[in-house]
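Okay, coords.csv now, which holds CSV, C-alpha atoms:
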```csv
chain,number,residue,atom,x,y,z
A,1229,THR,CA,67.6,20.1,8.4
A,1230,LEU,CA,70.9,21.0,6.7
A,1231,LYS,CA,69.5,24.5,5.8
A,1232,ILE,CA,68.3,25.0,9.3
A,1233,ALA,CA,71.6,24.0,10.8
A,1234,SER,CA,73.5,26.3,8.4
A,1235,ALA,CA,71.1,29.2,9.2
A,1236,ALA,CA,71.6,28.6,13.0
A,1237,ALA,CA,75.3,28.5,12.6
A,1238,PHE,CA,75.3,31.8,10.6
A,1239,ILE,CA,73.1,33.5,13.2
A,1240,ALA,CA,75.4,32.2,16.0
A,1241,VAL,CA,78.4,33.7,14.2
A,1242,LEU,CA,76.7,37.1,13.8
A,1243,LEU,CA,75.4,37.3,17.4
A,1244,ILE,CA,78.1,35.6,19.3
A,1245,GLY,CA,81.2,35.1,17.2
A,1246,VAL,CA,81.4,38.7,15.8
A,1247,PRO,CA,81.0,40.4,19.2
A,1248,LEU,CA,83.6,38.1,20.8
A,1249,PHE,CA,86.1,38.9,17.9
A,1250,ILE,CA,85.5,42.7,18.2
A,1251,SER,CA,85.9,42.5,22.0
A,1252,ALA,CA,89.2,40.6,21.6
A,1253,THR,CA,90.6,43.0,19.0
A,1254,GLY,CA,89.2,46.2,20.5
A,1255,ARG,CA,87.8,47.3,17.2
A,1256,SER,CA,84.5,48.7,18.5
A,1257,ASP,CA,84.3,50.8,15.3
A,1258,LEU,CA,83.4,47.6,13.4
A,1259,TYR,CA,80.0,47.6,15.2
A,1260,TYR,CA,78.9,50.7,13.3
A,1261,THR,CA,80.3,49.3,10.0
A,1262,LEU,CA,78.6,46.0,10.3
A,1263,THR,CA,75.4,47.6,11.6
A,1264,SER,CA,75.4,49.8,8.4
A,1265,VAL,CA,75.9,46.7,6.2
A,1266,ALA,CA,72.9,44.9,7.9
A,1267,LEU,CA,70.6,47.9,7.5
A,1268,LEU,CA,71.7,48.5,3.9
A,1269,SER,CA,71.0,44.8,3.1
A,1270,ILE,CA,67.5,45.2,4.5
A,1271,ILE,CA,66.8,48.2,2.3
A,1272,SER,CA,68.4,46.4,-0.7
A,1273,ALA,CA,66.1,43.4,0.0
A,1274,GLY,CA,63.2,45.7,-0.7
A,1275,VAL,CA,64.7,46.5,-4.1
A,1276,TRP,CA,65.1,42.8,-4.8
A,1277,ILE,CA,61.4,42.3,-4.3
A,1278,THR,CA,60.6,44.7,-7.1
A,1279,PHE,CA,63.1,42.9,-9.3
A,1280,TYR,CA,61.3,39.7,-8.5
A,1281,ILE,CA,58.1,41.0,-10.2
A,1282,GLY,CA,60.2,42.2,-13.2
A,1283,ARG,CA,60.6,45.9,-12.3
A,1284,ILE,CA,63.9,47.8,-11.9
A,1285,ASN,CA,63.7,50.0,-8.8
A,1286,ILE,CA,66.1,52.9,-8.6
A,1287,GLY,CA,64.1,54.9,-6.1
A,1288,GLN,CA,64.6,53.1,-2.8
A,1289,GLY,CA,66.6,56.0,-1.3
A,1290,ALA,CA,63.4,58.1,-1.3
A,1291,PHE,CA,61.6,55.7,1.0
A,1292,ALA,CA,64.7,55.3,3.3
A,1293,LEU,CA,64.8,59.1,3.6
A,1294,LEU,CA,61.1,59.3,4.2
A,1295,GLY,CA,61.2,56.6,6.9
A,1296,GLY,CA,64.1,58.3,8.7
A,1297,TYR,CA,62.2,61.6,8.7
A,1298,VAL,CA,58.9,60.1,9.9
A,1299,SER,CA,60.6,58.3,12.8
A,1300,ALA,CA,62.6,61.4,13.8
A,1301,ILE,CA,59.6,63.7,13.6
A,1302,LEU,CA,57.5,61.4,15.7
A,1303,VAL,CA,60.2,61.0,18.3
A,1304,MET,CA,61.3,64.7,18.5
A,1305,ASN,CA,58.0,66.5,18.0
A,1306,TYR,CA,55.5,64.1,19.6
A,1307,GLY,CA,57.6,62.1,22.1
A,1308,LEU,CA,56.7,58.7,20.7
A,1309,SER,CA,58.9,55.7,21.5
A,1310,PHE,CA,61.4,54.9,18.7
A,1311,TRP,CA,60.2,51.3,18.7
A,1312,LEU,CA,56.7,52.4,18.0
A,1313,THR,CA,57.8,54.8,15.2
A,1314,LEU,CA,59.7,52.0,13.5
A,1315,PRO,CA,56.6,50.1,12.1
A,1316,ILE,CA,54.8,53.5,11.6
A,1317,ALA,CA,57.7,54.7,9.4
A,1318,GLY,CA,57.5,51.5,7.4
A,1319,ALA,CA,53.7,51.6,7.1
A,1320,PHE,CA,53.9,55.3,6.0
A,1321,CYS,CA,56.4,54.5,3.3
A,1322,ALA,CA,54.2,51.6,2.1
A,1323,MET,CA,51.2,53.8,1.9
A,1324,ALA,CA,53.1,56.5,0.0
A,1325,SER,CA,54.4,53.8,-2.4
A,1326,VAL,CA,50.8,52.7,-3.1
A,1327,LEU,CA,49.9,56.2,-4.1
A,1328,VAL,CA,52.9,56.5,-6.3
A,1329,GLY,CA,52.8,52.9,-7.5
A,1330,PHE,CA,49.3,52.8,-8.9
A,1331,PRO,CA,50.1,55.0,-12.0
A,1332,ILE,CA,53.8,54.1,-12.5
A,1333,LEU,CA,53.6,50.4,-12.0
A,1334,ARG,CA,51.6,50.2,-15.3
A,1335,LEU,CA,54.7,51.3,-17.1
A,1336,ARG,CA,57.1,48.9,-18.8
A,1337,GLY,CA,60.3,48.0,-16.9
A,1338,VAL,CA,62.7,50.5,-18.4
A,1339,TYR,CA,60.2,53.4,-18.0
A,1340,PHE,CA,59.4,52.4,-14.5
A,1341,ALA,CA,63.1,52.5,-13.7
A,1342,MET,CA,63.5,56.0,-15.1
A,1343,VAL,CA,60.5,57.3,-13.1
A,1344,THR,CA,61.7,55.8,-9.9
A,1345,LEU,CA,65.1,57.4,-10.5
A,1346,THR,CA,63.6,60.8,-9.9
A,1347,LEU,CA,61.8,59.8,-6.6
A,1348,THR,CA,64.9,60.1,-4.4
A,1349,GLU,CA,65.6,63.7,-5.7
A,1350,VAL,CA,61.9,64.5,-5.2
A,1351,ALA,CA,62.1,63.3,-1.6
A,1352,ARG,CA,65.3,65.3,-1.0
A,1353,LEU,CA,63.7,68.5,-2.4
A,1354,PHE,CA,60.6,67.9,-0.4
A,1355,ALA,CA,62.7,67.5,2.8
A,1356,LEU,CA,64.4,70.8,2.0
A,1357,ALA,CA,61.1,72.7,1.4
A,1358,VAL,CA,58.8,71.4,4.2
A,1359,PRO,CA,59.2,73.4,7.5
A,1360,ILE,CA,58.6,70.3,9.7
A,1361,THR,CA,61.9,68.8,8.4
A,1362,ASN,CA,64.0,71.9,9.3
A,1363,GLY,CA,65.2,72.1,5.7
A,1364,ALA,CA,69.0,71.8,5.1
A,1365,ARG,CA,69.6,71.9,8.9
A,1366,GLY,CA,67.9,68.5,9.2
A,1367,ILE,CA,66.8,67.0,12.5
A,1368,VAL,CA,69.6,66.5,15.0
A,1369,SER,CA,70.1,65.4,18.6
A,1370,ILE,CA,67.6,62.6,18.2
A,1371,PRO,CA,67.6,60.7,21.5
A,1372,LEU,CA,68.8,57.1,21.6
A,1373,PRO,CA,66.0,54.4,21.6
A,1374,GLY,CA,64.4,54.0,25.0
A,1375,GLU,CA,63.3,50.8,26.7
A,1376,LEU,CA,60.8,48.4,25.0
A,1377,SER,CA,58.7,46.4,27.4
A,1378,ILE,CA,55.6,44.4,27.3
A,1379,PHE,CA,53.5,43.7,30.5
A,1380,GLY,CA,56.5,44.8,32.6
A,1381,LEU,CA,58.9,42.5,30.8
A,1382,THR,CA,61.9,44.4,29.3
A,1383,LEU,CA,62.5,43.1,25.8
A,1384,ILE,CA,65.0,45.8,24.8
A,1385,PRO,CA,66.8,48.0,27.4
A,1386,ASP,CA,67.1,51.8,27.2
A,1387,PHE,CA,70.1,52.3,24.9
A,1388,ALA,CA,71.2,55.4,26.8
A,1389,THR,CA,71.9,53.2,29.8
A,1390,LEU,CA,74.0,50.7,27.9
A,1391,ALA,CA,77.8,50.8,28.3
A,1392,ASN,CA,78.1,50.2,24.6
A,1393,PRO,CA,75.1,51.4,22.6
A,1394,ARG,CA,76.9,50.3,19.4
A,1395,LEU,CA,76.6,46.7,20.4
A,1396,GLY,CA,72.9,47.2,21.1
A,1397,PHE,CA,72.4,48.7,17.6
A,1398,TYR,CA,74.4,45.9,16.0
A,1399,ILE,CA,72.4,43.1,17.7
A,1400,THR,CA,69.1,44.9,16.9
A,1401,SER,CA,70.0,45.4,13.3
A,1402,VAL,CA,71.3,41.9,12.8
A,1403,LEU,CA,68.1,40.4,14.3
A,1404,MET,CA,66.1,42.7,11.9
A,1405,MET,CA,68.1,41.5,9.0
A,1406,VAL,CA,67.6,37.8,9.9
A,1407,LEU,CA,63.9,38.3,10.3
A,1408,CYS,CA,63.8,40.2,7.0
A,1409,PHE,CA,65.5,37.6,4.9
A,1410,ALA,CA,63.7,34.7,6.7
A,1411,GLY,CA,60.4,36.4,5.8
A,1412,LEU,CA,61.6,37.0,2.3
A,1413,TYR,CA,62.6,33.4,1.9
A,1414,ARG,CA,59.2,32.2,3.1
A,1415,LEU,CA,57.5,34.7,0.8
A,1416,VAL,CA,59.4,33.5,-2.3
A,1417,HIS,CA,58.5,29.9,-1.5
A,1418,SER,CA,54.8,30.7,-1.0
A,1419,ARG,CA,51.9,30.8,-3.5
A,1420,ILE,CA,52.3,34.6,-3.7
A,1421,GLY,CA,56.0,34.2,-4.4
A,1422,HIS,CA,55.3,31.9,-7.3
A,1423,ILE,CA,52.8,34.3,-8.7
A,1424,CYS,CA,55.4,37.1,-8.4
A,1425,GLN,CA,57.8,35.0,-10.4
A,1426,SER,CA,55.2,34.4,-13.1
A,1427,LEU,CA,54.9,38.2,-13.5
A,1428,GLN,CA,58.6,38.4,-14.0
A,1429,GLN,CA,58.5,35.7,-16.7
A,1430,ASN,CA,55.3,36.6,-18.7
A,1431,GLU,CA,52.8,39.1,-17.4
A,1432,GLU,CA,50.3,38.4,-20.2
A,1433,LEU,CA,50.3,34.7,-19.5
A,1434,ALA,CA,49.8,35.4,-15.8
A,1435,SER,CA,46.9,37.7,-16.5
A,1436,SER,CA,45.3,35.1,-18.8
A,1437,ILE,CA,45.1,32.6,-15.9
A,1438,GLY,CA,43.3,35.1,-13.6
A,1439,VAL,CA,46.2,36.7,-11.8
A,1440,ASN,CA,45.4,40.3,-10.6
A,1441,ILE,CA,48.6,41.8,-11.9
A,1442,ALA,CA,48.0,45.3,-10.6
A,1443,TYR,CA,47.3,44.0,-7.1
A,1444,ILE,CA,50.5,41.9,-7.0
A,1445,ARG,CA,52.6,44.8,-8.3
A,1446,VAL,CA,51.3,47.3,-5.8
A,1447,LEU,CA,51.6,44.7,-3.0
A,1448,ALA,CA,55.3,44.0,-3.9
A,1449,TYR,CA,56.1,47.6,-4.2
A,1450,ALA,CA,54.5,48.4,-0.8
A,1451,LEU,CA,56.5,45.7,0.9
A,1452,SER,CA,59.7,47.0,-0.8
A,1453,SER,CA,59.1,50.5,0.4
A,1454,PHE,CA,58.2,49.2,3.9
A,1455,LEU,CA,61.7,47.7,4.2
A,1456,GLY,CA,63.2,50.9,2.9
A,1457,GLY,CA,61.3,52.9,5.5
A,1458,ILE,CA,62.3,50.8,8.6
A,1459,GLY,CA,65.9,50.7,7.3
A,1460,GLY,CA,66.0,54.5,7.0
A,1461,ALA,CA,64.4,54.9,10.5
A,1462,MET,CA,67.1,52.7,12.0
A,1463,PHE,CA,69.8,54.8,10.4
A,1464,ALA,CA,68.3,58.0,11.8
A,1465,ALA,CA,68.4,56.4,15.3
A,1466,ILE,CA,72.0,55.3,15.0
A,1467,THR,CA,73.3,58.6,13.7
A,1468,GLN,CA,70.9,60.5,15.9
A,1469,SER,CA,70.2,62.8,12.9
A,1470,ILE,CA,68.6,62.9,9.5
A,1471,TYR,CA,69.3,65.4,6.6
A,1472,PRO,CA,67.9,65.7,3.1
A,1473,SER,CA,71.3,64.4,1.9
A,1474,THR,CA,71.3,61.3,4.1
A,1475,PHE,CA,70.1,59.2,1.2
A,1476,THR,CA,70.8,60.4,-2.4
A,1477,ILE,CA,70.4,59.0,-5.9
A,1478,ALA,CA,73.8,57.4,-5.6
A,1479,ASP,CA,72.5,55.4,-2.6
A,1480,SER,CA,69.5,54.3,-4.7
A,1481,VAL,CA,71.8,53.1,-7.4
A,1482,ASN,CA,73.9,51.2,-4.9
A,1483,PHE,CA,70.8,49.5,-3.5
A,1484,MET,CA,70.1,48.2,-7.0
A,1485,LEU,CA,73.8,47.2,-7.5
A,1486,ASN,CA,73.7,45.2,-4.3
A,1487,CYS,CA,71.0,43.0,-5.8
A,1488,PHE,CA,72.8,42.6,-9.2
A,1489,LEU,CA,76.1,41.8,-7.5
A,1490,GLY,CA,74.7,39.2,-5.1
A,1491,GLY,CA,72.4,37.7,-7.6
A,1492,LEU,CA,68.8,38.6,-8.7
A,1493,GLY,CA,67.8,34.9,-8.7
A,1494,TYR,CA,68.8,34.4,-5.1
A,1495,VAL,CA,66.9,35.5,-1.9
A,1496,PHE,CA,70.2,36.2,-0.1
A,1497,GLY,CA,71.7,38.0,-3.0
A,1498,PRO,CA,71.1,41.5,-1.6
A,1499,MET,CA,72.9,40.5,1.7
A,1500,LEU,CA,76.0,39.2,0.0
A,1501,GLY,CA,76.0,42.0,-2.6
A,1502,THR,CA,75.8,44.7,0.2
A,1503,PHE,CA,78.7,43.1,2.1
A,1504,VAL,CA,80.9,42.9,-1.0
A,1505,LEU,CA,80.0,46.4,-2.3
A,1506,TYR,CA,80.5,48.1,1.0
A,1507,PHE,CA,83.8,46.5,2.0
A,1508,GLY,CA,85.1,46.5,-1.6
A,1509,TRP,CA,84.7,50.2,-1.9
A,1510,ASP,CA,86.6,50.7,1.4
A,1511,LEU,CA,89.4,48.4,0.5
A,1512,LEU,CA,90.0,50.4,-2.7
A,1513,PHE,CA,90.3,53.6,-0.7
A,1514,GLN,CA,94.1,53.4,-0.8
A,1515,THR,CA,94.1,53.8,-4.6
A,1516,GLY,CA,93.1,57.5,-4.2
A,1517,SER,CA,91.8,59.1,-7.3
A,1518,TYR,CA,91.7,55.8,-9.1
A,1519,GLN,CA,89.3,54.3,-6.6
A,1520,LEU,CA,86.1,54.9,-8.6
A,1521,LEU,CA,87.7,53.8,-11.9
A,1522,ILE,CA,89.0,50.5,-10.5
A,1523,PHE,CA,85.8,49.9,-8.5
A,1524,SER,CA,83.6,50.5,-11.6
A,1525,SER,CA,85.8,48.3,-13.8
A,1526,ILE,CA,85.7,45.4,-11.3
A,1527,LEU,CA,81.9,45.7,-11.0
A,1528,ILE,CA,81.5,45.6,-14.8
A,1529,ALA,CA,83.9,42.6,-15.1
A,1530,LEU,CA,82.0,40.7,-12.4
A,1531,MET,CA,78.6,41.4,-14.1
A,1532,LEU,CA,80.0,40.2,-17.4
A,1533,VAL,CA,81.7,37.0,-16.0
A,1534,LEU,CA,78.9,36.3,-13.5
A,1535,PRO,CA,75.7,37.8,-15.0
A,1536,ASN,CA,73.6,35.9,-12.3
A,1537,GLY,CA,75.6,37.3,-9.4
A,1538,LEU,CA,78.2,36.0,-7.0
A,1539,LEU,CA,75.9,33.4,-5.6
A,1540,SER,CA,75.8,31.7,-9.0
A,1541,ILE,CA,79.4,30.5,-8.4
A,1542,ARG,CA,78.1,28.0,-5.9
A,1543,LEU,CA,75.6,26.7,-8.5
A,1544,ARG,CA,78.3,26.4,-11.1
A,1545,GLY,CA,80.4,24.4,-8.7
A,1546,GLN,CA,77.5,22.0,-8.0
A,1547,ARG,CA,77.0,21.5,-11.8
A,1548,GLN,CA,80.6,20.8,-12.4
A,1549,GLY,CA,80.7,18.4,-9.5
```
Could you write out this file's structure as structure tokens?
Amino acid sequence: TLKIASAAAFIAVLLIGVPLFISATGRSDLYYTLTSVALLSIISAGVWITFYIGRINIGQGAFALLGGYVSAILVMNYGLSFWLTLPIAGAFCAMASVLVGFPILRLRGVYFAMVTLTLTEVARLFALAVPITNGARGIVSIPLPGELSIFGLTLIPDFATLANPRLGFYITSVLMMVLCFAGLYRLVHSRIGHICQSLQQNEELASSIGVNIAYIRVLAYALSSFLGGIGGAMFAAITQSIYPSTFTIADSVNFMLNCFLGGLGYVFGPMLGTFVLYFGWDLLFQTGSYQLLIFSSILIALMLVLPNGLLSIRLRGQRQG
């Protein structure tokens, strides 16, 4: 009951408290910032899933880019509703990851990491070469998401008719983030979640008790890529554009760092890590040319002092108490 009450309070703060604060301060620009954090945490949650099966994933930017292009192409070229393209983009990325994952998921952790590192650059070069993506010009002037209704009941209004579309994107992204991490929490505490954890600890032992290791690996990687795809599709809708450089290798590395920083052993680690990494980088903007040096030094220090992530501070406090 305490966990439910805490979760309800957290959601209330995000959906009610934050909009009231922004309205009072007039800082409507914060909607875009917080929307970006929510979407980046969803994409990072996918990376966390691959960590949960003992694999280091540095290629999530490829699936975020792919998801953005799939959604944009379906909206612009075929007139599909954005809300319909969202699950399609995720499913397309999941299927692509299955094709890629079958051969590379057999590799040991460090080799898998090195192979995934190339995926984002491959996706970028593919977007530059394929005519349907418009090459370096990208896809621009993507219309705002239209109305989503079921049996005549409007679930989501047409964003073009909203007085403040940024608020609409913020609420949508926060709800997606809440659903993502609630599902992730449920998955971790399910039978499949326990099996995934056993793979992380000892794959040979898990195989000896009848666990289909290949199946679990591919399933986890597909779910990871699905989250990357829907996150990338939402980014394309918010910016109303998608380019080959929208997601780069640096973004893939940051998705991984979000998980490390928040804590690989905690479901909500990617959420906290994304928040700290995003705002930490912005806070150091005033340091000018020393920004990257200071930022990197702080990250290294945090990982040395807190190897289990920022969320391990709470666990330490409980042990000391």
Query raised in the report: Using only C-alpha atoms, which residue out of A:Ala1364, A:Ala1478, A:Val1402, A:Ile1286 lies closest to Tyr1260 of chain A?
Result: A:Val1402
Report task. Pick out the residues sitting within 12 Å of Glu1431 of chain A, and hand them over as a list in words; count only C-alpha atoms, and ignore anything fewer than 5 positions along from it in its own chain. Result ->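 Counting only C-alpha atoms, the residues come to Ile1281, Gly1282, Arg1283, Arg1334, Arg1336, Gly1337, Ile1423, Cys1424, Gln1425, Ser1426, Ser1436, Ile1437, Gly1438, Val1439, Asn1440, Ile1441, Ala1442, Ile1444 and Arg1445 of chain A.
Minimum atom-to-atom distance to Thr1344 of chain A, evaluated using all atoms listed in the file, belongs to A:Ile1477 out of A:Val1416, A:Ile1477, A:Leu1403, A:Val1358.
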Requested in this report: One decimal, Å: what's the distance from atom CA of Phe1488 of chain A over to atom CA of Cys1321 of chain A, could you say?
Outcome: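 Separation between atom CA of Phe1488 of chain A and atom CA of Cys1321 of chain A: 23.8 Å.
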For Ile1316 of chain A: contacts at 10 Å, all atoms listed in the file, fewer than 2 positions along chain excluded, given as a PDB file with C-alpha atoms, in the coordinates of the input:
```pdb
ATOM      1  CA  GLY A1295      61.200  56.600   6.900  1.00  0.00           C
ATOM      2  CA  VAL A1298      58.900  60.100   9.900  1.00  0.00           C
ATOM      3  CA  SER A1299      60.600  58.300  12.800  1.00  0.00           C
ATOM      4  CA  LEU A1302      57.500  61.400  15.700  1.00  0.00           C
ATOM      5  CA  PHE A1310      61.400  54.900  18.700  1.00  0.00           C
ATOM      6  CA  TRP A1311      60.200  51.300  18.700  1.00  0.00           C
ATOM      7  CA  LEU A1312      56.700  52.400  18.000  1.00  0.00           C
ATOM      8  CA  THR A1313      57.800  54.800  15.200  1.00  0.00           C
ATOM      9  CA  LEU A1314      59.700  52.000  13.500  1.00  0.00           C
ATOM     10  CA  GLY A1318      57.500  51.500   7.400  1.00  0.00           C
ATOM     11  CA  ALA A1319      53.700  51.600   7.100  1.00  0.00           C
ATOM     12  CA  PHE A1320      53.900  55.300   6.000  1.00  0.00           C
ATOM     13  CA  CYS A1321      56.400  54.500   3.300  1.00  0.00           C
ATOM     14  CA  ALA A1322      54.200  51.600   2.100  1.00  0.00           C
ATOM     15  CA  PHE A1454      58.200  49.200   3.900  1.00  0.00           C
ATOM     16  CA  GLY A1457      61.300  52.900   5.500  1.00  0.00           C
ATOM     17  CA  ILE A1458      62.300  50.800   8.600  1.00  0.00           C
ATOM     18  CA  ALA A1461      64.400  54.900  10.500  1.00  0.00           C
TER      19      ALA A1461
END
```
Give me, as a PDB file with C-alpha atoms, in the frame of the given file, all polymer residues having an atom no more than 12 Å from segment 1247-1254 of chain A, counting only C-alpha atoms and skipping those fewer than 3 positions away in the same chain.
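Written file, result_4.pdb:
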```pdb
ATOM      1  CA  ALA A1240      75.400  32.200  16.000  1.00  0.00           C
ATOM      2  CA  VAL A1241      78.400  33.700  14.200  1.00  0.00           C
ATOM      3  CA  LEU A1242      76.700  37.100  13.800  1.00  0.00           C
ATOM      4  CA  LEU A1243      75.400  37.300  17.400  1.00  0.00           C
ATOM      5  CA  ILE A1244      78.100  35.600  19.300  1.00  0.00           C
ATOM      6  CA  ASP A1257      84.300  50.800  15.300  1.00  0.00           C
ATOM      7  CA  LEU A1258      83.400  47.600  13.400  1.00  0.00           C
ATOM      8  CA  TYR A1259      80.000  47.600  15.200  1.00  0.00           C
ATOM      9  CA  TYR A1260      78.900  50.700  13.300  1.00  0.00           C
ATOM     10  CA  THR A1261      80.300  49.300  10.000  1.00  0.00           C
ATOM     11  CA  LEU A1262      78.600  46.000  10.300  1.00  0.00           C
ATOM     12  CA  THR A1263      75.400  47.600  11.600  1.00  0.00           C
ATOM     13  CA  ASN A1392      78.100  50.200  24.600  1.00  0.00           C
ATOM     14  CA  ARG A1394      76.900  50.300  19.400  1.00  0.00           C
ATOM     15  CA  LEU A1395      76.600  46.700  20.400  1.00  0.00           C
ATOM     16  CA  GLY A1396      72.900  47.200  21.100  1.00  0.00           C
ATOM     17  CA  TYR A1398      74.400  45.900  16.000  1.00  0.00           C
ATOM     18  CA  ILE A1399      72.400  43.100  17.700  1.00  0.00           C
ATOM     19  CA  VAL A1402      71.300  41.900  12.800  1.00  0.00           C
TER      20      VAL A1402
END
```
Determine, using all atoms listed in the file, which residues of segment 1402-1441 of chain A have any atom at most 12 Å from an atom of segment 1231-1237 of chain A, and tabulate each with its shortest atom pair and distance in Å to one decimal place, rows ordered by chain and then rising number, as JSON lines.
```
{"residue": "A:Val1406", "atom": "CA", "partner": "A:Ala1235", "partner_atom": "CA", "distance": 9.3}
{"residue": "A:Leu1407", "atom": "CA", "partner": "A:Ala1235", "partner_atom": "CA", "distance": 11.7}
{"residue": "A:Phe1409", "atom": "CA", "partner": "A:Ala1235", "partner_atom": "CA", "distance": 11.0}
{"residue": "A:Ala1410", "atom": "CA", "partner": "A:Ala1235", "partner_atom": "CA", "distance": 9.6}
{"residue": "A:Tyr1413", "atom": "CA", "partner": "A:Lys1231", "partner_atom": "CA", "distance": 11.9}
```
Query - Two-atom distance - atom CA of Asp1479 of chain A, atom CA of Gly1289 of chain A (Å) - result: 6.1 Å
Requested in this report: Considering only C-alpha atoms, state which residue in the set A:Leu1539, A:Ala1434, A:Met1405, A:Val1446 is at the smallest distance from Ser1269 of chain A.
Outcome: A:Met1405
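Each of A:Gly1497, A:Leu1505, A:Ser1377, A:Gly1460 was compared to Val1481 of chain A using only C-alpha atoms, and A:Leu1505 turns out to be the nearest.
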Requested in this report: Figure out the distance between atom CA of Pro1359 of chain A and atom CA of Tyr1297 of chain A, please, to one decimal in Å.
Outcome: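 The value is 12.2 Å.
In this comparison, which uses only C-alpha atoms, the residue of A:Tyr1494, A:Ile1284, A:Asn1482, A:His1422 approaching Ser1524 of chain A most closely is A:Asn1482.
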Query raised in the report: Which of these residues is nearest to Gly1459 of chain A, using only C-alpha atoms: A:Gly1501, A:Gly1329, A:Gly1411, A:Pro1315?
Result: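 Going through A:Gly1501, A:Gly1329, A:Gly1411, A:Pro1315 one by one, the smallest distance to Gly1459 of chain A is for A:Pro1315.
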Query raised in the report: Which residues, written as a ChimeraX atom specification, have at least one atom at most 8 Å from segment 1347-1355 of chain A, with only C-alpha atoms counted and residues fewer than 4 positions away on the same chain left out?
Result: /A:1287-1291,1293-1294,1343,1361-1364,1471-1473,1475-1477,1480
Those residues with C-alpha atoms, as a CSV table (one decimal), keeping the file's coordinate frame please?
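As a result, out_6.csv now contains:
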```
chain,number,residue,atom,x,y,z
A,1287,GLY,CA,64.1,54.9,-6.1
A,1288,GLN,CA,64.6,53.1,-2.8
A,1289,GLY,CA,66.6,56.0,-1.3
A,1290,ALA,CA,63.4,58.1,-1.3
A,1291,PHE,CA,61.6,55.7,1.0
A,1293,LEU,CA,64.8,59.1,3.6
A,1294,LEU,CA,61.1,59.3,4.2
A,1343,VAL,CA,60.5,57.3,-13.1
A,1361,THR,CA,61.9,68.8,8.4
A,1362,ASN,CA,64.0,71.9,9.3
A,1363,GLY,CA,65.2,72.1,5.7
A,1364,ALA,CA,69.0,71.8,5.1
A,1471,TYR,CA,69.3,65.4,6.6
A,1472,PRO,CA,67.9,65.7,3.1
A,1473,SER,CA,71.3,64.4,1.9
A,1475,PHE,CA,70.1,59.2,1.2
A,1476,THR,CA,70.8,60.4,-2.4
A,1477,ILE,CA,70.4,59.0,-5.9
A,1480,SER,CA,69.5,54.3,-4.7
```
